[in-house]
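A quick write-up on the structure given underneath.
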Amino acid sequence: MFCLPQNDQHICFTVTTARQGNGETAILADADSGLPTREAFLAAATQLATEDDALTLVNVSGLNEICAKMDERDASKLLRHVGVSIMEYGSKAAGRLSDESFGIVANALREESQLADRVRKALAEGGVNTPLVGDALISLKGRDLTPDQRMLAIRYVVDRFVNGEQACNSPADIALAFHDMMDETQARVRAITATVADGSFSLAYQPIRHLKTSAISHFEALARFSPTENTGDIVKFSEALGIADALDLAVALKTLAMIESELAKNANIAFNVSGHTISCNASFSLLAGFLARNRAHAPRILIEITETAHIINFAAAAHAVGTLREMGYRVGISEFGVSPVSLKYLHALPVDFVKFPASLMRSSDIPDRNERLVAGILKLCRELGVHTIAEGLENEDALKRARALGFDLGQGHVLGKPADMAAFSRGPRNDNSIRPARRDDVVESYC
């Protein structure tokens, strides 16, 4: 139960929770608005929605910029007020879907404009001139859909809305959304499967350097598909459709081929593995078999777990990480942050390094409070022997901030752009890369 102060009173509401694989229940709430996160909202929406309901989505254009220009306390108060206003709507499920988007599931007989008007009013009460607020209402009728199909269709609609497709492009009902999704999905699955199967994608390599010496620690292998395909979108799509393990294995094969080549002589290379692959025994067994046969190269290969939100079985994930480390591979977590969930990953998974996202290195996104949290977590990592990497160092200001905070390593354009390995073949190499972490003891406090 969350309680938020509002006009000298406390408004309380229940936040959706998710059962983890180790039996623990994690609260999935947005820290600013108090609303359930996107994943928690989707879980609740697909569980509680009926054919008499509708999915209402609202986007506040420029909300991120509005909050960035405000005092931190005022911005937090504004978002909290919006969150309380949405929770008071009386919906079956509500959530913050992105920095600028919100959604609810409520009875379809409600007037379409009510949620958008409620958000506009909350912003106005917070002193914000009425911004452009777009909304979409999609009926959840669809008698030909199974519960699983309805779940996929809701996720599809939410993802498209959050990515900028507003009301004019939204389907009238969820059945139409499902059929649109299936047509699009079948075409993309065929294309991606063919690309992965024949290896017709490339890898670019970005250097990760020690911040004290600027020496190269290792390179990250970044998959590159056709110029019209966004790599991040392909990875997320592959995970959603259950073919992430095939993509992970294909990238591992290409990485090993580079490790064995003359171009990468003495270089250490990291490649990405999906959180879904790590936490699914069947998917991980394919990758583990390949890596076991090639463990002679383990001292030069690092494995970076991405999309950790897809880790639903912590016990399986911890076992997978332990297996890889026993083979001699070093393992890390990408998109590590200052949330309690990130600390849970650090506690549960015996990793050797963690990578902090680019957003934390931008001055506008790291207020004093977050900076102190980052410093505390870096201290905890040092005590555990876990190396820390600052991602997204695109300029000298970000580089100075990373050094001042005490990060071990950095990655970003200011330290080197992704390129073919040939571009680095004549440069100096550092074979003293990330060392295996000490994980015999767990430090309970990080402040």
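Please note that chains go A, B, ... in the order of the structure tokens, that every chain numbers its residues from 1, and that ligands are numbered from 1 in the order shown.
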
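The residue set within 7 Å of Val386 of chain A, counting only C-alpha atoms and dropping same-chain residues fewer than 5 places from it, reads A:Asp352, A:Phe353, A:Cys381, A:Ala437.
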
Do a neighbour search on segment 207-212 of chain A at 9 Å with only C-alpha atoms, toss out local chain neighbours closer than 5 positions, and write the hits as a VMD selection string. chain A and resid 217 to 220 389 391 399 402 to 403 406 to 412 415 to 418 424 433

d(atom CA of His413 of chain A, atom CA of Thr213 of chain A) in Å: 16.9 Å

Do a neighbour search on segment 269-281 of chain A at 8 Å with only C-alpha atoms, toss out local chain neighbours closer than 6 positions, and write the hits as a PyMOL selection string. chain A and resi 218-222+239+244-245+248+251-252+255+259+300-317+320-321

Keeping only C-alpha atoms, write the selected residues to a file as a short mmCIF file (atom, residue, chain, number, x, y, z; two decimals), in the first residue's frame.
```
data_model
loop_
_atom_site.label_atom_id
_atom_site.label_comp_id
_atom_site.auth_asym_id
_atom_site.auth_seq_id
_atom_site.Cartn_x
_atom_site.Cartn_y
_atom_site.Cartn_z
CA HIS A 218 38.13 -4.36 -23.46
CA PHE A 219 35.75 -3.81 -26.36
CA GLU A 220 31.98 -4.23 -26.46
CA ALA A 221 30.69 -6.06 -29.53
CA LEU A 222 27.60 -4.23 -30.85
CA GLU A 239 13.01 -11.21 -26.74
CA ALA A 244 16.48 -13.95 -28.23
CA ASP A 245 18.50 -17.10 -27.51
CA ASP A 248 22.53 -14.29 -28.53
CA VAL A 251 26.45 -12.86 -31.67
CA ALA A 252 28.55 -15.22 -29.51
CA THR A 255 32.55 -12.68 -31.23
CA ILE A 259 38.73 -13.39 -30.78
CA ARG A 300 39.47 -12.82 -23.13
CA ILE A 301 35.65 -12.85 -23.24
CA LEU A 302 33.22 -10.92 -21.06
CA ILE A 303 29.45 -11.42 -21.04
CA GLU A 304 27.12 -8.47 -20.46
CA ILE A 305 23.52 -9.19 -19.43
CA THR A 306 21.08 -6.76 -21.04
CA GLU A 307 17.33 -6.24 -20.62
CA THR A 308 17.51 -7.37 -16.99
CA ALA A 309 13.81 -6.53 -16.58
CA HIS A 310 13.15 -9.81 -18.37
CA ILE A 311 14.79 -11.80 -15.57
CA ILE A 312 11.81 -13.47 -13.94
CA ASN A 313 13.63 -16.39 -12.33
CA PHE A 314 16.45 -15.11 -10.12
CA ALA A 315 17.47 -18.59 -9.00
CA ALA A 316 17.98 -19.71 -12.61
CA ALA A 317 19.79 -16.47 -13.47
CA ALA A 320 23.63 -19.32 -15.04
CA VAL A 321 25.96 -16.52 -13.93
#
```

Among listed residues A:Ala358, A:Met421, A:Ala116, A:Leu79, nearest Ala31 of chain A (using only C-alpha atoms): A:Leu79

Backbone DSSP call of alpha helix (DSSP H) for segment 228-398 of chain A, listed as a ChimeraX atom specification: /A:231-240,244-259,275-279,281-293,314-327,340-348,368-384,396-398

Just the residues within 12 Å of Glu39 of chain A, please, counting only C-alpha atoms, with nothing from its chain fewer than 2 positions along; format it as an MDAnalysis selection string. chainID A and resid 16:18 27:30 35:37 41:46 93:98 103 151 154:155 158:159 309:310 312

Kindly save the residues from that selection, with N, CA and C atoms included, as a compact mmCIF listing (two decimals), in the first residue's frame.
```txt
# COMPACT_ATOMS: atom_id res chain seq x y z
N THR A 16 0.76 -2.51 -7.84
CA THR A 16 0.91 -3.84 -8.38
C THR A 16 2.27 -4.43 -8.02
N THR A 17 2.29 -5.70 -7.68
CA THR A 17 3.55 -6.37 -7.36
C THR A 17 3.77 -7.53 -8.29
N ALA A 18 5.03 -7.98 -8.36
CA ALA A 18 5.38 -9.11 -9.22
C ALA A 18 6.09 -10.16 -8.39
N ILE A 27 8.04 -4.67 -5.42
CA ILE A 27 7.11 -3.59 -5.77
C ILE A 27 7.61 -2.92 -7.04
N LEU A 28 6.72 -2.79 -8.00
CA LEU A 28 7.09 -2.19 -9.27
C LEU A 28 6.38 -0.86 -9.41
N ALA A 29 6.90 0.17 -8.72
CA ALA A 29 6.28 1.50 -8.73
C ALA A 29 7.25 2.53 -9.24
N ASP A 30 6.73 3.48 -10.02
CA ASP A 30 7.51 4.60 -10.49
C ASP A 30 7.83 5.52 -9.31
N LEU A 35 2.88 5.83 -9.39
CA LEU A 35 2.08 4.89 -10.17
C LEU A 35 2.87 3.62 -10.46
N PRO A 36 2.17 2.51 -10.69
CA PRO A 36 2.87 1.31 -11.14
C PRO A 36 3.67 1.58 -12.41
N THR A 37 4.77 0.87 -12.56
CA THR A 37 5.59 1.01 -13.76
C THR A 37 4.87 0.40 -14.96
N PHE A 41 1.91 -2.27 -14.84
CA PHE A 41 0.62 -1.92 -15.43
C PHE A 41 0.17 -2.97 -16.43
N LEU A 42 1.10 -3.39 -17.30
CA LEU A 42 0.75 -4.39 -18.31
C LEU A 42 0.32 -5.70 -17.66
N ALA A 43 1.04 -6.07 -16.59
CA ALA A 43 0.69 -7.31 -15.89
C ALA A 43 -0.72 -7.22 -15.31
N ALA A 44 -1.03 -6.08 -14.66
CA ALA A 44 -2.35 -5.90 -14.06
C ALA A 44 -3.44 -5.78 -15.12
N ALA A 45 -3.13 -5.05 -16.19
CA ALA A 45 -4.13 -4.83 -17.24
C ALA A 45 -4.54 -6.14 -17.90
N THR A 46 -3.57 -6.98 -18.18
CA THR A 46 -3.88 -8.24 -18.86
C THR A 46 -4.57 -9.23 -17.92
N ALA A 93 -6.72 -0.71 -13.44
CA ALA A 93 -5.26 -0.70 -13.49
C ALA A 93 -4.82 0.66 -14.01
N ALA A 94 -3.71 1.16 -13.48
CA ALA A 94 -3.17 2.44 -13.93
C ALA A 94 -1.66 2.36 -13.87
N GLY A 95 -0.98 3.17 -14.69
CA GLY A 95 0.47 3.13 -14.65
C GLY A 95 1.11 4.27 -15.41
N ARG A 96 2.38 4.50 -15.11
CA ARG A 96 3.19 5.44 -15.88
C ARG A 96 3.96 4.61 -16.90
N LEU A 97 3.69 4.84 -18.17
CA LEU A 97 4.21 3.99 -19.23
C LEU A 97 5.56 4.45 -19.75
N SER A 98 5.83 5.73 -19.61
CA SER A 98 7.12 6.30 -20.00
C SER A 98 7.24 7.64 -19.28
N GLY A 103 -1.38 5.42 -18.57
CA GLY A 103 -2.46 4.59 -19.08
C GLY A 103 -3.33 4.04 -17.97
N MET A 151 -3.25 -10.29 -24.13
CA MET A 151 -2.07 -9.76 -23.46
C MET A 151 -1.07 -9.22 -24.48
N ILE A 154 -2.43 -5.93 -26.07
CA ILE A 154 -2.34 -4.77 -25.18
C ILE A 154 -0.90 -4.25 -25.14
N ARG A 155 0.05 -5.15 -25.02
CA ARG A 155 1.46 -4.74 -25.01
C ARG A 155 1.83 -4.06 -26.31
N VAL A 158 0.32 -0.48 -26.38
CA VAL A 158 1.03 0.40 -25.45
C VAL A 158 2.39 0.78 -26.00
N ASP A 159 3.13 -0.20 -26.52
CA ASP A 159 4.47 0.07 -27.06
C ASP A 159 4.40 1.06 -28.21
N ALA A 309 15.22 -6.51 -16.99
CA ALA A 309 13.81 -6.53 -16.58
C ALA A 309 13.14 -7.83 -16.96
N HIS A 310 13.73 -8.54 -17.93
CA HIS A 310 13.15 -9.81 -18.37
C HIS A 310 13.59 -10.99 -17.50
N ILE A 312 12.95 -13.15 -14.78
CA ILE A 312 11.81 -13.47 -13.94
C ILE A 312 12.13 -14.61 -12.97
```
